[in-house]
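Shown next, in structure tokens, is the structure this report addresses.
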Amino acid sequence: MQTAVELDFQGMDARADVQADISRHVAALEERFGRAIACRVVVKAPGGHHRTGGLYEINIGMALPDGREVNVDRTAKADERHSELSFAINDAFKRARRQLQDNARELQGQVKTHEGAPIGTVARLDPSGEFGFLDSNDGRELYFHRNSVLDGAFPRLTVGTRVTFAEEEGEKGAQASTVTLLGKHNMRV
């Protein structure tokens with residue numbers, strides 16, 4: 001590390017065993033993800049606050065090369081296991097490791113990106129008012145039922161209305177479900 005780990009004990013005296021434990025965790029992260037430029041760890045003792053009760057809070061701020069960083073600043077408030085200091089430290093560094101793993105996967109292009117819902121245009125509406133057909137952006141025509149249109153918006157549909165939808169396999173092939181109006185047509189009346 002370029003600078004020593006900055007360790008701040010709040011509401012308690014500094015402890016050599018805690019300092020050694022935190023140094024081991026930081027070294028393990030550096031070994032796996034690269035040398036840290038800076039690292040600050042805050043150990044907050046249980047206080048009289050009604051929200052945290054008798055739980056330790058561990059906050060980690062770590063800067064790594066290439067602009068990567070770790071910020072673990074929230075402790076699970078309902079987790080009574082955080083009343084034990086060693087558990088709280090291990091849990092905070094486990095969350096820090098997960099952040100770095102996610103960041104590394106992103107840099108390597110291994111993170112899946114989720115495309116938005118497909119967009120279509122209402123092509124036809126049945127005069128009975130029970131179903132219609134959409135033209136999808138890829139040129140296919142998809143059936144949809146009035147119950148598939150969210151927020152009871154089927155009566156507001158007209159030919160040419162733009163919608164998003166989910167595609168699923170129906171009895172007679174592909175059909176649209178979870179149909180949502182786009183733009184000005186989506187205003188609630």
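Labels for the structure tokens follow display order: chains A, B, ..., residues from 1 in each chain, ligands from 1.
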Can you list, as an mmCIF file with N, CA and C atoms, in the first residue's frame, every residue of chain A that DSSP puts in strand (DSSP E or B)?
```
data_model
loop_
_atom_site.group_PDB
_atom_site.id
_atom_site.type_symbol
_atom_site.label_atom_id
_atom_site.label_comp_id
_atom_site.auth_asym_id
_atom_site.auth_seq_id
_atom_site.Cartn_x
_atom_site.Cartn_y
_atom_site.Cartn_z
ATOM 1 N N GLU A 6 -5.412 3.743 7.401
ATOM 2 C CA GLU A 6 -5.880 4.696 8.403
ATOM 3 C C GLU A 6 -7.017 4.024 9.156
ATOM 4 N N LEU A 7 -6.840 3.860 10.437
ATOM 5 C CA LEU A 7 -7.811 3.137 11.259
ATOM 6 C C LEU A 7 -8.345 4.076 12.321
ATOM 7 N N ASP A 8 -9.653 4.208 12.379
ATOM 8 C CA ASP A 8 -10.294 5.126 13.306
ATOM 9 C C ASP A 8 -11.245 4.337 14.206
ATOM 10 N N PHE A 9 -10.959 4.326 15.499
ATOM 11 C CA PHE A 9 -11.838 3.682 16.472
ATOM 12 C C PHE A 9 -12.749 4.746 17.054
ATOM 13 N N GLN A 10 -14.038 4.529 16.969
ATOM 14 C CA GLN A 10 -14.990 5.493 17.511
ATOM 15 C C GLN A 10 -15.804 4.833 18.608
ATOM 16 N N ALA A 38 -4.904 3.945 -1.044
ATOM 17 C CA ALA A 38 -5.247 4.428 0.296
ATOM 18 C C ALA A 38 -6.368 3.569 0.858
ATOM 19 N N CYS A 39 -6.428 3.494 2.189
ATOM 20 C CA CYS A 39 -7.485 2.727 2.831
ATOM 21 C C CYS A 39 -7.794 3.353 4.187
ATOM 22 N N ARG A 40 -9.086 3.554 4.432
ATOM 23 C CA ARG A 40 -9.534 4.070 5.729
ATOM 24 C C ARG A 40 -10.619 3.150 6.238
ATOM 25 N N VAL A 41 -10.457 2.689 7.484
ATOM 26 C CA VAL A 41 -11.439 1.821 8.113
ATOM 27 C C VAL A 41 -11.879 2.484 9.412
ATOM 28 N N VAL A 42 -13.192 2.615 9.566
ATOM 29 C CA VAL A 42 -13.757 3.176 10.793
ATOM 30 C C VAL A 42 -14.475 2.055 11.530
ATOM 31 N N VAL A 43 -14.110 1.865 12.800
ATOM 32 C CA VAL A 43 -14.748 0.868 13.652
ATOM 33 C C VAL A 43 -15.549 1.638 14.697
ATOM 34 N N LYS A 44 -16.879 1.532 14.605
ATOM 35 C CA LYS A 44 -17.748 2.232 15.549
ATOM 36 C C LYS A 44 -18.291 1.225 16.549
ATOM 37 N N GLU A 57 -20.411 -1.059 13.855
ATOM 38 C CA GLU A 57 -20.474 -0.615 12.470
ATOM 39 C C GLU A 57 -19.051 -0.523 11.947
ATOM 40 N N ILE A 58 -18.822 -1.100 10.778
ATOM 41 C CA ILE A 58 -17.506 -1.060 10.131
ATOM 42 C C ILE A 58 -17.680 -0.368 8.787
ATOM 43 N N ASN A 59 -16.966 0.728 8.603
ATOM 44 C CA ASN A 59 -17.000 1.456 7.332
ATOM 45 C C ASN A 59 -15.630 1.339 6.682
ATOM 46 N N ILE A 60 -15.625 1.017 5.388
ATOM 47 C CA ILE A 60 -14.372 0.849 4.654
ATOM 48 C C ILE A 60 -14.389 1.766 3.441
ATOM 49 N N GLY A 61 -13.315 2.514 3.282
ATOM 50 C CA GLY A 61 -13.099 3.308 2.076
ATOM 51 C C GLY A 61 -11.723 2.949 1.548
ATOM 52 N N MET A 62 -11.672 2.453 0.327
ATOM 53 C CA MET A 62 -10.409 1.958 -0.213
ATOM 54 C C MET A 62 -10.266 2.428 -1.654
ATOM 55 N N ALA A 63 -9.120 3.020 -1.985
ATOM 56 C CA ALA A 63 -8.846 3.468 -3.352
ATOM 57 C C ALA A 63 -7.793 2.563 -3.964
ATOM 58 N N GLU A 69 -12.566 1.740 -6.626
ATOM 59 C CA GLU A 69 -12.673 2.036 -5.202
ATOM 60 C C GLU A 69 -13.713 1.150 -4.556
ATOM 61 N N VAL A 70 -13.616 1.089 -3.247
ATOM 62 C CA VAL A 70 -14.558 0.320 -2.439
ATOM 63 C C VAL A 70 -15.107 1.262 -1.387
ATOM 64 N N ASN A 71 -16.408 1.259 -1.230
ATOM 65 C CA ASN A 71 -17.036 2.032 -0.161
ATOM 66 C C ASN A 71 -18.076 1.144 0.501
ATOM 67 N N VAL A 72 -17.748 0.663 1.676
ATOM 68 C CA VAL A 72 -18.694 -0.125 2.467
ATOM 69 C C VAL A 72 -19.030 0.764 3.652
ATOM 70 N N ILE A 119 -40.135 -2.729 -27.913
ATOM 71 C CA ILE A 119 -41.142 -1.704 -28.207
ATOM 72 C C ILE A 119 -41.923 -2.137 -29.439
ATOM 73 N N GLY A 120 -43.204 -1.908 -29.390
ATOM 74 C CA GLY A 120 -44.055 -2.238 -30.526
ATOM 75 C C GLY A 120 -45.088 -1.147 -30.758
ATOM 76 N N THR A 121 -45.855 -1.320 -31.824
ATOM 77 C CA THR A 121 -46.908 -0.371 -32.189
ATOM 78 C C THR A 121 -48.203 -1.152 -32.362
ATOM 79 N N VAL A 122 -49.300 -0.622 -31.826
ATOM 80 C CA VAL A 122 -50.598 -1.289 -31.989
ATOM 81 C C VAL A 122 -50.951 -1.250 -33.470
ATOM 82 N N ALA A 123 -51.132 -2.431 -34.068
ATOM 83 C CA ALA A 123 -51.436 -2.531 -35.498
ATOM 84 C C ALA A 123 -52.938 -2.642 -35.744
ATOM 85 N N ARG A 124 -53.612 -3.440 -34.906
ATOM 86 C CA ARG A 124 -55.056 -3.659 -35.075
ATOM 87 C C ARG A 124 -55.678 -3.902 -33.713
ATOM 88 N N LEU A 125 -56.934 -3.494 -33.562
ATOM 89 C CA LEU A 125 -57.709 -3.792 -32.361
ATOM 90 C C LEU A 125 -59.003 -4.473 -32.796
ATOM 91 N N PHE A 131 -59.077 -8.028 -27.630
ATOM 92 C CA PHE A 131 -57.699 -8.321 -28.008
ATOM 93 C C PHE A 131 -57.251 -7.415 -29.134
ATOM 94 N N GLY A 132 -55.959 -7.516 -29.460
ATOM 95 C CA GLY A 132 -55.411 -6.739 -30.560
ATOM 96 C C GLY A 132 -54.114 -7.369 -31.024
ATOM 97 N N PHE A 133 -53.443 -6.667 -31.950
ATOM 98 C CA PHE A 133 -52.177 -7.153 -32.480
ATOM 99 C C PHE A 133 -51.178 -6.006 -32.495
ATOM 100 N N LEU A 134 -49.926 -6.342 -32.170
ATOM 101 C CA LEU A 134 -48.821 -5.386 -32.175
ATOM 102 C C LEU A 134 -47.878 -5.702 -33.315
ATOM 103 N N ASP A 135 -47.302 -4.668 -33.891
ATOM 104 C CA ASP A 135 -46.163 -4.849 -34.797
ATOM 105 C C ASP A 135 -44.920 -4.635 -33.953
ATOM 106 N N SER A 136 -44.063 -5.642 -33.871
ATOM 107 C CA SER A 136 -42.820 -5.505 -33.098
ATOM 108 C C SER A 136 -41.787 -4.803 -33.960
ATOM 109 N N GLU A 141 -45.836 -9.713 -36.120
ATOM 110 C CA GLU A 141 -47.102 -9.310 -35.540
ATOM 111 C C GLU A 141 -47.399 -10.229 -34.364
ATOM 112 N N LEU A 142 -47.700 -9.633 -33.217
ATOM 113 C CA LEU A 142 -47.940 -10.400 -31.990
ATOM 114 C C LEU A 142 -49.337 -10.121 -31.450
ATOM 115 N N TYR A 143 -50.025 -11.181 -31.071
ATOM 116 C CA TYR A 143 -51.338 -11.097 -30.448
ATOM 117 C C TYR A 143 -51.174 -10.614 -29.016
ATOM 118 N N PHE A 144 -52.145 -9.854 -28.501
ATOM 119 C CA PHE A 144 -52.208 -9.548 -27.071
ATOM 120 C C PHE A 144 -53.661 -9.475 -26.646
ATOM 121 N N HIS A 145 -53.925 -9.841 -25.409
ATOM 122 C CA HIS A 145 -55.270 -9.820 -24.841
ATOM 123 C C HIS A 145 -55.410 -8.578 -23.983
ATOM 124 N N VAL A 149 -52.698 -5.835 -20.878
ATOM 125 C CA VAL A 149 -52.385 -4.408 -20.876
ATOM 126 C C VAL A 149 -52.444 -3.924 -19.422
ATOM 127 N N ARG A 162 -47.725 3.494 -29.279
ATOM 128 C CA ARG A 162 -46.451 2.819 -29.006
ATOM 129 C C ARG A 162 -46.519 2.201 -27.615
ATOM 130 N N VAL A 163 -46.026 0.967 -27.494
ATOM 131 C CA VAL A 163 -46.067 0.235 -26.228
ATOM 132 C C VAL A 163 -44.767 -0.550 -26.030
ATOM 133 N N THR A 164 -44.500 -0.902 -24.780
ATOM 134 C CA THR A 164 -43.471 -1.892 -24.484
ATOM 135 C C THR A 164 -44.206 -3.159 -24.087
ATOM 136 N N PHE A 165 -43.525 -4.284 -24.206
ATOM 137 C CA PHE A 165 -44.178 -5.550 -23.897
ATOM 138 C C PHE A 165 -43.138 -6.615 -23.566
ATOM 139 N N ALA A 166 -43.613 -7.680 -22.968
ATOM 140 C CA ALA A 166 -42.800 -8.877 -22.780
ATOM 141 C C ALA A 166 -43.362 -9.913 -23.740
ATOM 142 N N GLU A 167 -42.486 -10.705 -24.291
ATOM 143 C CA GLU A 167 -42.939 -11.727 -25.236
ATOM 144 C C GLU A 167 -42.948 -13.077 -24.543
ATOM 145 N N GLU A 168 -43.996 -13.833 -24.790
ATOM 146 C CA GLU A 168 -44.084 -15.187 -24.237
ATOM 147 C C GLU A 168 -44.723 -16.104 -25.255
ATOM 148 N N GLU A 169 -44.586 -17.376 -25.027
ATOM 149 C CA GLU A 169 -45.142 -18.381 -25.939
ATOM 150 C C GLU A 169 -46.568 -18.695 -25.501
ATOM 151 N N GLY A 170 -47.519 -18.494 -26.406
ATOM 152 C CA GLY A 170 -48.920 -18.804 -26.131
ATOM 153 C C GLY A 170 -49.318 -20.093 -26.828
ATOM 154 N N GLY A 173 -48.506 -19.708 -30.561
ATOM 155 C CA GLY A 173 -47.239 -19.067 -30.917
ATOM 156 C C GLY A 173 -46.929 -17.886 -30.017
ATOM 157 N N ALA A 174 -46.008 -17.054 -30.486
ATOM 158 C CA ALA A 174 -45.554 -15.916 -29.691
ATOM 159 C C ALA A 174 -46.686 -14.921 -29.497
ATOM 160 N N GLN A 175 -46.758 -14.352 -28.285
ATOM 161 C CA GLN A 175 -47.745 -13.320 -27.998
ATOM 162 C C GLN A 175 -47.143 -12.314 -27.030
ATOM 163 N N ALA A 176 -47.758 -11.146 -26.957
ATOM 164 C CA ALA A 176 -47.272 -10.084 -26.082
ATOM 165 C C ALA A 176 -48.007 -10.147 -24.747
ATOM 166 N N SER A 177 -47.256 -9.943 -23.682
ATOM 167 C CA SER A 177 -47.857 -9.819 -22.355
ATOM 168 C C SER A 177 -47.218 -8.616 -21.682
ATOM 169 N N THR A 178 -47.730 -8.226 -20.558
ATOM 170 C CA THR A 178 -47.216 -7.088 -19.800
ATOM 171 C C THR A 178 -47.045 -5.882 -20.734
ATOM 172 N N VAL A 179 -48.115 -5.527 -21.402
ATOM 173 C CA VAL A 179 -48.108 -4.426 -22.366
ATOM 174 C C VAL A 179 -48.280 -3.111 -21.603
ATOM 175 N N THR A 180 -47.364 -2.149 -21.842
ATOM 176 C CA THR A 180 -47.393 -0.848 -21.169
ATOM 177 C C THR A 180 -47.360 0.251 -22.209
ATOM 178 N N LEU A 181 -48.241 1.220 -22.076
ATOM 179 C CA LEU A 181 -48.273 2.348 -22.998
ATOM 180 C C LEU A 181 -47.045 3.217 -22.819
#
```
Exercise. Step one, run DSSP on the backbone; step two, keep only residues of stretch 63-139 of chain A assigned to alpha helix (DSSP H); then write them as a PyMOL selection string.
Key: chain A and resi 85-107
Saved selection, atoms kept: C-alpha atoms, as a PDB file, in the first residue's frame:
```pdb
ATOM      1  CA  LEU A  85     -16.817  -7.319  16.525  1.00  0.00           C
ATOM      2  CA  SER A  86     -15.030 -10.066  14.582  1.00  0.00           C
ATOM      3  CA  PHE A  87     -18.213 -10.939  12.685  1.00  0.00           C
ATOM      4  CA  ALA A  88     -18.845  -7.272  11.841  1.00  0.00           C
ATOM      5  CA  ILE A  89     -15.283  -6.895  10.470  1.00  0.00           C
ATOM      6  CA  ASN A  90     -15.463 -10.126   8.451  1.00  0.00           C
ATOM      7  CA  ASP A  91     -18.857  -9.152   7.017  1.00  0.00           C
ATOM      8  CA  ALA A  92     -17.686  -5.663   5.986  1.00  0.00           C
ATOM      9  CA  PHE A  93     -14.609  -7.043   4.223  1.00  0.00           C
ATOM     10  CA  LYS A  94     -16.724  -9.737   2.546  1.00  0.00           C
ATOM     11  CA  ARG A  95     -18.912  -6.964   1.105  1.00  0.00           C
ATOM     12  CA  ALA A  96     -15.770  -5.068   0.035  1.00  0.00           C
ATOM     13  CA  ARG A  97     -14.468  -8.189  -1.744  1.00  0.00           C
ATOM     14  CA  ARG A  98     -17.824  -8.582  -3.546  1.00  0.00           C
ATOM     15  CA  GLN A  99     -17.668  -4.975  -4.734  1.00  0.00           C
ATOM     16  CA  LEU A 100     -14.170  -5.510  -6.103  1.00  0.00           C
ATOM     17  CA  GLN A 101     -15.175  -8.791  -7.776  1.00  0.00           C
ATOM     18  CA  ASP A 102     -18.137  -7.082  -9.450  1.00  0.00           C
ATOM     19  CA  ASN A 103     -15.888  -4.223 -10.541  1.00  0.00           C
ATOM     20  CA  ALA A 104     -13.290  -6.647 -11.953  1.00  0.00           C
ATOM     21  CA  ARG A 105     -15.971  -8.579 -13.880  1.00  0.00           C
ATOM     22  CA  GLU A 106     -17.295  -5.329 -15.296  1.00  0.00           C
ATOM     23  CA  LEU A 107     -13.808  -4.316 -16.467  1.00  0.00           C
TER      24      LEU A 107
END
```
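Between A:Met12 and the candidates A:Ala45, A:Val159, A:Ala117, A:Leu150, the tightest atom-to-atom separation, counting only C-alpha atoms, involves A:Ala45.
Atom CA of A:Arg35 is positioned 6.5 Å from atom CA of A:Leu64.
Taking only C-alpha atoms into account, A:Pro65 lies nearest to A:Gly34 out of the set A:Gly34, A:Gly11, A:Gly152, A:Pro127.
Between A:Ile22 and the candidates A:Lys172, A:Ile37, A:Tyr56, A:Val5, the tightest atom-to-atom separation, counting only C-alpha atoms, involves A:Val5.
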